[in-house]
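Visitor: What follows is a single structure, and I will ask about it in a moment.
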Amino acid sequence: MTVLVTGAKGQLGTELRLRARETDSRHWLFADIVADEGIIPLDITDESAVRSLVAEHHIDLIVNCAAYTNVDRAEEDEPAAERLNADAVRILGSMPVRMIHISTDYVFAGEGWIPCRETDPVAPRTAYGRTKLHGEEQLLAVNPTAVIIRTAWLYSPYGNNFVKTMLKYGKERDKLTVVYDQVGTPTYAGDLAEAILTVIANTEWKPGIYHFTNEGVCSWYDFTIEILRQAGVNCTVEPILSSQYQYKTPRPHYSVLDKAKFKAAFAAKIPYWTDGLRRCLEAMNELPQ
């Protein structure tokens, strides 16, 4: 089997690259918009380029980790977000291969208090959420056997994310203020990468929409407290309401995803979020300074 991973330089793509080194039963090809060591250049909005690469390398499966993820900037340039989050997904999905696509909790309104199931009504409130939902819809229209995995609150030792930001600010400042009325589940990208490998390795291909995050629930305030505690950073953290923070774009107040379908389909045991954070921080400490 030959697997193409798009968005290979992002948080999730990097975690997949690290884990792919440990497998010998599959051939992996990693692509991103700009080439790098071990990464080939590919513009996934260019259908002819995608089709040529898939044919040349005899791709059997595409794992799409690429996305326009800047929530605030998407509000200012929704067409650009639509090209990457929807149009490109349709192009990838139209290839004659299997596909795994990563989506988001932002397809929901984020206003309830019960974990969202795959069958719950979608109602995105942001340009980012709308374009990601369009990507899901366009993918299933051209490739109904695709696997879509929605996730939330993703972080890793790589790229820009909440964990790295809080560590930076916690070391620079005496006090941080963090919202406590937005609730979800922090998700270590390494654990999501393992989940993707589980889907690939399963003896039966099981198409459909799934939810995957780490286990547990917390607020951004709770998350920050635990980040700093585990990292040994001494900084006061004060809880505030979302209304006290000047967001350019509305954020979901409740982003907890129900993972029962994924666990049942793939007999998966999902790590608790504090354990995922511990392993991420350990990986960060091993990186060159």
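In the structure tokens, chains take letters A, B, ... by order of appearance, with residues numbered from 1 within each chain and ligands from 1 in the order shown.
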Write down as a VMD selection string the residues of range 2-224 of chain A whose backbone DSSP state falls under strand (DSSP E).

Guide: chain A and resid 2 to 6 27 to 32 40 to 41 61 to 64 98 to 104 147 to 151 154 to 155 175 to 179 183 to 184 187 to 188 208 to 211 218 to 219

Visitor: A:Pro121, A:Thr236, A:Arg19, A:Tyr155: which is nearest Ala189 in chain A, counting only C-alpha atoms?

Guide: A:Tyr155

Visitor: Extract the full set of helix (DSSP H, G or I) residues from range 187-253 of chain A according to DSSP on the backbone, and format it as a list in words.

Guide: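 DSSP on the backbone gives helix (DSSP H, G or I) at Ala189, Gly190, Asp191, Leu192, Ala193, Glu194, Ala195, Ile196, Leu197, Thr198, Val199, Ile200, Ala201, Trp220, Tyr221, Asp222, Phe223, Thr224, Ile225, Glu226, Ile227, Leu228, Arg229, Gln230, Ala231, Ser242, Ser243 and Gln244 of chain A.
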
Visitor: With distances taken over only C-alpha atoms, which residue among A:Asp222, A:Phe212, A:Ile196, A:Val163 lies nearest Arg278 in chain A?

Guide: A:Val163

Visitor: I'd like a table as a Markdown table: residues in range 172-215 of chain A with an atom no more than 7 Å from range 246-270 of chain A, each row giving the shortest atom pair and its distance in Å to one decimal, only C-alpha atoms counted, sorted by chain and rising residue number.

Guide:
```
| residue | atom | partner | partner_atom | distance |
| --- | --- | --- | --- | --- |
| A:Asp181 | CA | A:His253 | CA | 6.4 |
| A:Gln182 | CA | A:His253 | CA | 4.2 |
| A:Val183 | CA | A:Tyr254 | CA | 4.9 |
| A:Gly184 | CA | A:Ser255 | CA | 4.5 |
| A:Thr185 | CA | A:Val256 | CA | 6.0 |
| A:Tyr210 | CA | A:Phe262 | CA | 5.7 |
| A:His211 | CA | A:Lys259 | CA | 5.2 |
| A:Phe212 | CA | A:Lys259 | CA | 5.7 |
| A:Asn214 | CA | A:Ile270 | CA | 6.0 |
| A:Glu215 | CA | A:Ile270 | CA | 6.3 |
```

Visitor: Write the residues of the preceding selection, restricted to all heavy atoms, as a PDB file, in the first residue's frame.

Guide:
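Dumped to again28.pdb:
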```
ATOM      1  N   ASP A 181     -15.104  29.603  30.421  1.00  0.00           N
ATOM      2  CA  ASP A 181     -16.448  29.221  29.997  1.00  0.00           C
ATOM      3  C   ASP A 181     -16.469  28.640  28.576  1.00  0.00           C
ATOM      4  O   ASP A 181     -17.515  28.566  27.944  1.00  0.00           O
ATOM      5  CB  ASP A 181     -17.409  30.407  30.096  1.00  0.00           C
ATOM      6  CG  ASP A 181     -16.976  31.605  29.263  1.00  0.00           C
ATOM      7  OD1 ASP A 181     -15.825  31.620  28.787  1.00  0.00           O
ATOM      8  OD2 ASP A 181     -17.794  32.535  29.097  1.00  0.00           O
ATOM      9  N   GLN A 182     -15.311  28.212  28.076  1.00  0.00           N
ATOM     10  CA  GLN A 182     -15.225  27.442  26.834  1.00  0.00           C
ATOM     11  C   GLN A 182     -14.652  26.077  27.195  1.00  0.00           C
ATOM     12  O   GLN A 182     -13.550  25.978  27.729  1.00  0.00           O
ATOM     13  CB  GLN A 182     -14.329  28.141  25.814  1.00  0.00           C
ATOM     14  CG  GLN A 182     -14.865  29.468  25.308  1.00  0.00           C
ATOM     15  CD  GLN A 182     -13.891  30.161  24.369  1.00  0.00           C
ATOM     16  OE1 GLN A 182     -13.052  29.515  23.744  1.00  0.00           O
ATOM     17  NE2 GLN A 182     -13.989  31.472  24.276  1.00  0.00           N
ATOM     18  N   VAL A 183     -15.423  25.050  26.899  1.00  0.00           N
ATOM     19  CA  VAL A 183     -15.106  23.707  27.376  1.00  0.00           C
ATOM     20  C   VAL A 183     -14.902  22.764  26.194  1.00  0.00           C
ATOM     21  O   VAL A 183     -15.643  22.825  25.209  1.00  0.00           O
ATOM     22  CB  VAL A 183     -16.236  23.178  28.281  1.00  0.00           C
ATOM     23  CG1 VAL A 183     -15.957  21.744  28.723  1.00  0.00           C
ATOM     24  CG2 VAL A 183     -16.393  24.079  29.498  1.00  0.00           C
ATOM     25  N   GLY A 184     -13.889  21.903  26.301  1.00  0.00           N
ATOM     26  CA  GLY A 184     -13.628  20.932  25.242  1.00  0.00           C
ATOM     27  C   GLY A 184     -12.645  19.884  25.719  1.00  0.00           C
ATOM     28  O   GLY A 184     -12.494  19.655  26.917  1.00  0.00           O
ATOM     29  N   THR A 185     -11.936  19.270  24.771  1.00  0.00           N
ATOM     30  CA  THR A 185     -10.953  18.243  25.107  1.00  0.00           C
ATOM     31  C   THR A 185      -9.656  18.488  24.355  1.00  0.00           C
ATOM     32  O   THR A 185      -9.623  18.375  23.123  1.00  0.00           O
ATOM     33  CB  THR A 185     -11.468  16.838  24.750  1.00  0.00           C
ATOM     34  OG1 THR A 185     -12.742  16.633  25.345  1.00  0.00           O
ATOM     35  CG2 THR A 185     -10.501  15.780  25.275  1.00  0.00           C
ATOM     36  N   TYR A 210     -16.349  10.091  11.845  1.00  0.00           N
ATOM     37  CA  TYR A 210     -16.013   9.696  13.206  1.00  0.00           C
ATOM     38  C   TYR A 210     -15.533  10.916  13.986  1.00  0.00           C
ATOM     39  O   TYR A 210     -15.040  11.887  13.400  1.00  0.00           O
ATOM     40  CB  TYR A 210     -14.903   8.642  13.203  1.00  0.00           C
ATOM     41  CG  TYR A 210     -15.266   7.344  12.539  1.00  0.00           C
ATOM     42  CD1 TYR A 210     -15.018   7.148  11.175  1.00  0.00           C
ATOM     43  CD2 TYR A 210     -15.836   6.301  13.261  1.00  0.00           C
ATOM     44  CE1 TYR A 210     -15.334   5.948  10.552  1.00  0.00           C
ATOM     45  CE2 TYR A 210     -16.167   5.094  12.645  1.00  0.00           C
ATOM     46  CZ  TYR A 210     -15.919   4.927  11.292  1.00  0.00           C
ATOM     47  OH  TYR A 210     -16.237   3.746  10.674  1.00  0.00           O
ATOM     48  N   HIS A 211     -15.641  10.817  15.300  1.00  0.00           N
ATOM     49  CA  HIS A 211     -15.078  11.837  16.180  1.00  0.00           C
ATOM     50  C   HIS A 211     -13.899  11.241  16.936  1.00  0.00           C
ATOM     51  O   HIS A 211     -13.963  10.092  17.400  1.00  0.00           O
ATOM     52  CB  HIS A 211     -16.128  12.323  17.184  1.00  0.00           C
ATOM     53  CG  HIS A 211     -17.199  13.152  16.566  1.00  0.00           C
ATOM     54  ND1 HIS A 211     -18.348  13.524  17.242  1.00  0.00           N
ATOM     55  CD2 HIS A 211     -17.308  13.695  15.316  1.00  0.00           C
ATOM     56  CE1 HIS A 211     -19.117  14.256  16.442  1.00  0.00           C
ATOM     57  NE2 HIS A 211     -18.498  14.370  15.282  1.00  0.00           N
ATOM     58  N   PHE A 212     -12.835  12.026  17.040  1.00  0.00           N
ATOM     59  CA  PHE A 212     -11.684  11.592  17.837  1.00  0.00           C
ATOM     60  C   PHE A 212     -11.057  12.791  18.540  1.00  0.00           C
ATOM     61  O   PHE A 212     -10.642  13.762  17.886  1.00  0.00           O
ATOM     62  CB  PHE A 212     -10.607  10.908  16.990  1.00  0.00           C
ATOM     63  CG  PHE A 212      -9.458  10.398  17.829  1.00  0.00           C
ATOM     64  CD1 PHE A 212      -9.463   9.116  18.320  1.00  0.00           C
ATOM     65  CD2 PHE A 212      -8.404  11.236  18.169  1.00  0.00           C
ATOM     66  CE1 PHE A 212      -8.422   8.662  19.133  1.00  0.00           C
ATOM     67  CE2 PHE A 212      -7.369  10.806  18.980  1.00  0.00           C
ATOM     68  CZ  PHE A 212      -7.386   9.507  19.457  1.00  0.00           C
ATOM     69  N   ASN A 214      -8.741  13.265  22.613  1.00  0.00           N
ATOM     70  CA  ASN A 214      -8.388  12.540  23.831  1.00  0.00           C
ATOM     71  C   ASN A 214      -9.617  12.445  24.725  1.00  0.00           C
ATOM     72  O   ASN A 214     -10.645  13.086  24.467  1.00  0.00           O
ATOM     73  CB  ASN A 214      -7.228  13.223  24.547  1.00  0.00           C
ATOM     74  CG  ASN A 214      -5.879  12.890  23.914  1.00  0.00           C
ATOM     75  OD1 ASN A 214      -5.152  13.782  23.472  1.00  0.00           O
ATOM     76  ND2 ASN A 214      -5.532  11.615  23.857  1.00  0.00           N
ATOM     77  N   GLU A 215      -9.528  11.634  25.771  1.00  0.00           N
ATOM     78  CA  GLU A 215     -10.633  11.503  26.713  1.00  0.00           C
ATOM     79  C   GLU A 215     -10.630  12.670  27.700  1.00  0.00           C
ATOM     80  O   GLU A 215      -9.613  13.319  27.924  1.00  0.00           O
ATOM     81  CB  GLU A 215     -10.519  10.191  27.494  1.00  0.00           C
ATOM     82  CG  GLU A 215     -10.661   8.942  26.649  1.00  0.00           C
ATOM     83  CD  GLU A 215     -12.110   8.630  26.285  1.00  0.00           C
ATOM     84  OE1 GLU A 215     -12.961   9.532  26.337  1.00  0.00           O
ATOM     85  OE2 GLU A 215     -12.372   7.464  25.931  1.00  0.00           O
TER      86      GLU A 215
END
```

Visitor: With only C-alpha atoms as the basis for distance, which of A:Gly13, A:Ile59, A:Ile227, A:Glu37 is at the shortest distance from Thr165 in chain A?

Guide: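 Using only C-alpha atoms, the shortest distance to Thr165 in chain A belongs to A:Ile227.
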
Visitor: Residues of range 68-187 of chain A that have any atom at most 10 Å from an atom of range 38-51 of chain A: could you tabulate them with the shortest-distance atom pair and the distance in Å to one decimal, using only C-alpha atoms, ordered by chain and increasing number, as a tab-separated table?

Guide:
```
residue	atom	partner	partner_atom	distance
A:Arg83	CA	A:Thr45	CA	6.8
A:Leu84	CA	A:Thr45	CA	6.6
A:Asn85	CA	A:Thr45	CA	9.7
A:Ala86	CA	A:Thr45	CA	9.5
A:Asp87	CA	A:Thr45	CA	6.8
A:Ala88	CA	A:Thr45	CA	4.6
A:Val89	CA	A:Ile44	CA	8.0
A:Arg90	CA	A:Thr45	CA	9.2
A:Ile91	CA	A:Glu47	CA	5.8
A:Leu92	CA	A:Ile44	CA	7.2
A:Ser94	CA	A:Arg51	CA	9.2
A:Met95	CA	A:Arg51	CA	6.9
A:Pro96	CA	A:Arg51	CA	9.4
```

Visitor: Keeping all heavy atoms for every residue in the selection just given, could you write it to a file as an mmCIF file, in the first residue's frame?

Guide:
```cif
data_model
loop_
_atom_site.group_PDB
_atom_site.id
_atom_site.type_symbol
_atom_site.label_atom_id
_atom_site.label_comp_id
_atom_site.auth_asym_id
_atom_site.auth_seq_id
_atom_site.Cartn_x
_atom_site.Cartn_y
_atom_site.Cartn_z
ATOM 1 N N ARG A 83 -11.081 27.515 -0.694
ATOM 2 C CA ARG A 83 -10.245 26.808 -1.676
ATOM 3 C C ARG A 83 -9.500 25.645 -1.036
ATOM 4 O O ARG A 83 -9.413 24.557 -1.618
ATOM 5 C CB ARG A 83 -9.260 27.778 -2.331
ATOM 6 C CG ARG A 83 -9.877 28.688 -3.380
ATOM 7 C CD ARG A 83 -8.821 29.401 -4.196
ATOM 8 N NE ARG A 83 -8.016 30.316 -3.398
ATOM 9 C CZ ARG A 83 -8.373 31.578 -3.131
ATOM 10 N NH1 ARG A 83 -9.510 32.064 -3.606
ATOM 11 N NH2 ARG A 83 -7.584 32.352 -2.418
ATOM 12 N N LEU A 84 -8.958 25.867 0.160
ATOM 13 C CA LEU A 84 -8.155 24.827 0.796
ATOM 14 C C LEU A 84 -9.006 23.842 1.595
ATOM 15 O O LEU A 84 -8.744 22.636 1.598
ATOM 16 C CB LEU A 84 -7.109 25.469 1.704
ATOM 17 C CG LEU A 84 -5.995 24.557 2.226
ATOM 18 C CD1 LEU A 84 -5.277 23.857 1.080
ATOM 19 C CD2 LEU A 84 -5.006 25.349 3.065
ATOM 20 N N ASN A 85 -10.037 24.344 2.258
ATOM 21 C CA ASN A 85 -10.839 23.490 3.140
ATOM 22 C C ASN A 85 -11.964 22.756 2.425
ATOM 23 O O ASN A 85 -12.522 21.801 2.978
ATOM 24 C CB ASN A 85 -11.426 24.319 4.285
ATOM 25 C CG ASN A 85 -10.372 24.779 5.270
ATOM 26 O OD1 ASN A 85 -9.253 24.267 5.273
ATOM 27 N ND2 ASN A 85 -10.709 25.753 6.100
ATOM 28 N N ALA A 86 -12.325 23.200 1.235
ATOM 29 C CA ALA A 86 -13.438 22.568 0.523
ATOM 30 C C ALA A 86 -13.055 22.156 -0.900
ATOM 31 O O ALA A 86 -13.118 20.979 -1.251
ATOM 32 C CB ALA A 86 -14.642 23.506 0.502
ATOM 33 N N ASP A 87 -12.639 23.120 -1.727
ATOM 34 C CA ASP A 87 -12.316 22.802 -3.124
ATOM 35 C C ASP A 87 -11.206 21.759 -3.231
ATOM 36 O O ASP A 87 -11.297 20.803 -4.015
ATOM 37 C CB ASP A 87 -11.910 24.068 -3.880
ATOM 38 C CG ASP A 87 -13.023 25.108 -3.937
ATOM 39 O OD1 ASP A 87 -14.190 24.742 -3.701
ATOM 40 O OD2 ASP A 87 -12.723 26.290 -4.216
ATOM 41 N N ALA A 88 -10.155 21.933 -2.438
ATOM 42 C CA ALA A 88 -9.035 20.990 -2.485
ATOM 43 C C ALA A 88 -9.453 19.617 -1.986
ATOM 44 O O ALA A 88 -8.973 18.589 -2.491
ATOM 45 C CB ALA A 88 -7.865 21.515 -1.659
ATOM 46 N N VAL A 89 -10.356 19.585 -1.014
ATOM 47 C CA VAL A 89 -10.837 18.308 -0.485
ATOM 48 C C VAL A 89 -11.630 17.555 -1.555
ATOM 49 O O VAL A 89 -11.510 16.334 -1.699
ATOM 50 C CB VAL A 89 -11.686 18.535 0.787
ATOM 51 C CG1 VAL A 89 -12.237 17.210 1.310
ATOM 52 C CG2 VAL A 89 -10.854 19.221 1.868
ATOM 53 N N ARG A 90 -12.423 18.300 -2.323
ATOM 54 C CA ARG A 90 -13.164 17.680 -3.431
ATOM 55 C C ARG A 90 -12.190 17.106 -4.460
ATOM 56 O O ARG A 90 -12.385 15.994 -4.966
ATOM 57 C CB ARG A 90 -14.079 18.708 -4.097
ATOM 58 C CG ARG A 90 -14.766 18.187 -5.360
ATOM 59 C CD ARG A 90 -15.551 19.271 -6.057
ATOM 60 N NE ARG A 90 -14.769 20.474 -6.290
ATOM 61 C CZ ARG A 90 -13.853 20.609 -7.242
ATOM 62 N NH1 ARG A 90 -13.585 19.596 -8.062
ATOM 63 N NH2 ARG A 90 -13.192 21.748 -7.383
ATOM 64 N N ILE A 91 -11.126 17.865 -4.765
ATOM 65 C CA ILE A 91 -10.131 17.391 -5.739
ATOM 66 C C ILE A 91 -9.473 16.104 -5.240
ATOM 67 O O ILE A 91 -9.383 15.110 -5.976
ATOM 68 C CB ILE A 91 -9.070 18.482 -5.993
ATOM 69 C CG1 ILE A 91 -9.690 19.639 -6.777
ATOM 70 C CG2 ILE A 91 -7.856 17.909 -6.718
ATOM 71 C CD1 ILE A 91 -8.803 20.860 -6.880
ATOM 72 N N LEU A 92 -9.028 16.093 -4.006
ATOM 73 C CA LEU A 92 -8.389 14.905 -3.449
ATOM 74 C C LEU A 92 -9.371 13.733 -3.420
ATOM 75 O O LEU A 92 -9.019 12.591 -3.741
ATOM 76 C CB LEU A 92 -7.877 15.189 -2.036
ATOM 77 C CG LEU A 92 -6.716 16.184 -1.919
ATOM 78 C CD1 LEU A 92 -6.486 16.563 -0.464
ATOM 79 C CD2 LEU A 92 -5.438 15.606 -2.522
ATOM 80 N N SER A 94 -11.800 13.140 -5.343
ATOM 81 C CA SER A 94 -12.184 12.657 -6.680
ATOM 82 C C SER A 94 -11.158 11.703 -7.283
ATOM 83 O O SER A 94 -11.399 11.120 -8.338
ATOM 84 C CB SER A 94 -12.400 13.845 -7.622
ATOM 85 O OG SER A 94 -11.181 14.524 -7.877
ATOM 86 N N MET A 95 -10.020 11.541 -6.608
ATOM 87 C CA MET A 95 -9.032 10.583 -7.086
ATOM 88 C C MET A 95 -9.560 9.161 -6.851
ATOM 89 O O MET A 95 -10.277 8.917 -5.879
ATOM 90 C CB MET A 95 -7.695 10.772 -6.354
ATOM 91 C CG MET A 95 -7.053 12.144 -6.530
ATOM 92 S SD MET A 95 -6.675 12.564 -8.245
ATOM 93 C CE MET A 95 -7.805 13.945 -8.503
ATOM 94 N N PRO A 96 -9.187 8.207 -7.691
ATOM 95 C CA PRO A 96 -9.715 6.841 -7.567
ATOM 96 C C PRO A 96 -9.000 6.035 -6.479
ATOM 97 O O PRO A 96 -8.481 4.933 -6.720
ATOM 98 C CB PRO A 96 -9.446 6.256 -8.957
ATOM 99 C CG PRO A 96 -8.215 6.958 -9.417
ATOM 100 C CD PRO A 96 -8.316 8.357 -8.883
#
```

Visitor: How many Å separate CA of Leu277 in chain A from CA of Glu226 in chain A?

Guide: 8.5 Å

Visitor: Nearest to Arg150 in chain A: which of A:Thr274, A:Thr213, A:Ser242, A:Ser52 is it, counting only C-alpha atoms?

Guide: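 Smallest separation from Arg150 in chain A among the options: A:Thr213.
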
Visitor: For a quick check of understanding, using only C-alpha atoms, which of A:Leu176, A:Ala81, A:Leu197, A:Ala231 has the smallest distance to Ser25 in chain A?

Guide: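 The answer is A:Leu197, which sits nearest to Ser25 in chain A.
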
Visitor: At most 12 Å is the cut-off: for each residue in range 63-82 of chain A with any atom that close to an atom of range 1-10 of chain A, write down the nearest atom pair and the distance in Å rounded to one decimal, counting only C-alpha atoms, chain first then increasing number, as CSV.

Guide:
```
residue,atom,partner,partner_atom,distance
A:Val63,CA,A:Val5,CA,4.8
A:Asn64,CA,A:Thr6,CA,5.0
A:Cys65,CA,A:Gly7,CA,4.9
A:Ala66,CA,A:Gly7,CA,3.9
A:Ala67,CA,A:Gly7,CA,7.4
A:Tyr68,CA,A:Gly7,CA,10.2
A:Thr69,CA,A:Gly10,CA,10.5
```

Visitor: Have a look at CA of Tyr106 in chain A and CA of Gly170 in chain A and let me know their distance in Å, one decimal.

Guide: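 Computed distance, CA of Tyr106 in chain A to CA of Gly170 in chain A, equals 27.4 Å.
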
Visitor: With only C-alpha atoms as the atoms that count, which of A:Val147, A:Val178, A:Ala20, A:Ala31 lies nearest to His101 in chain A?

Guide: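 Using only C-alpha atoms, His101 in chain A sits closest to A:Val147.
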
Visitor: Find the nearest atom pair between each residue of range 153-207 of chain A and range 125-146 of chain A for residues within 12 Å, count only C-alpha atoms, give distances in Å to one decimal, sort rows by chain and ascending number, and present the table as a tab-separated table.

Guide:
```
residue	atom	partner	partner_atom	distance
A:Val199	CA	A:Ala146	CA	11.5
A:Ile200	CA	A:Ala146	CA	11.9
A:Trp205	CA	A:Thr145	CA	8.7
A:Lys206	CA	A:Thr145	CA	7.9
A:Pro207	CA	A:Thr145	CA	4.9
```

Visitor: For Asn234 in chain A, work out the shell of residues within 12 Å, counting only C-alpha atoms and skipping chain neighbours fewer than 6 positions away, then give it as a VMD selection string.

Guide: chain A and resid 166 to 176 224 to 228

Visitor: List the spatial neighbours of range 279-284 of chain A as a PDB file with C-alpha atoms, in the first residue's frame - criterion: any atom at most 7 Å away, only C-alpha atoms, same-chain residues fewer than 6 positions off excluded.

Guide:
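File produced: selection.pdb:
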```pdb
ATOM      1  CA  SER A 156       1.826  19.078  19.412  1.00  0.00           C
ATOM      2  CA  PRO A 157       5.510  19.947  19.854  1.00  0.00           C
ATOM      3  CA  TYR A 188      -2.392  15.530  21.346  1.00  0.00           C
TER       4      TYR A 188
END
```
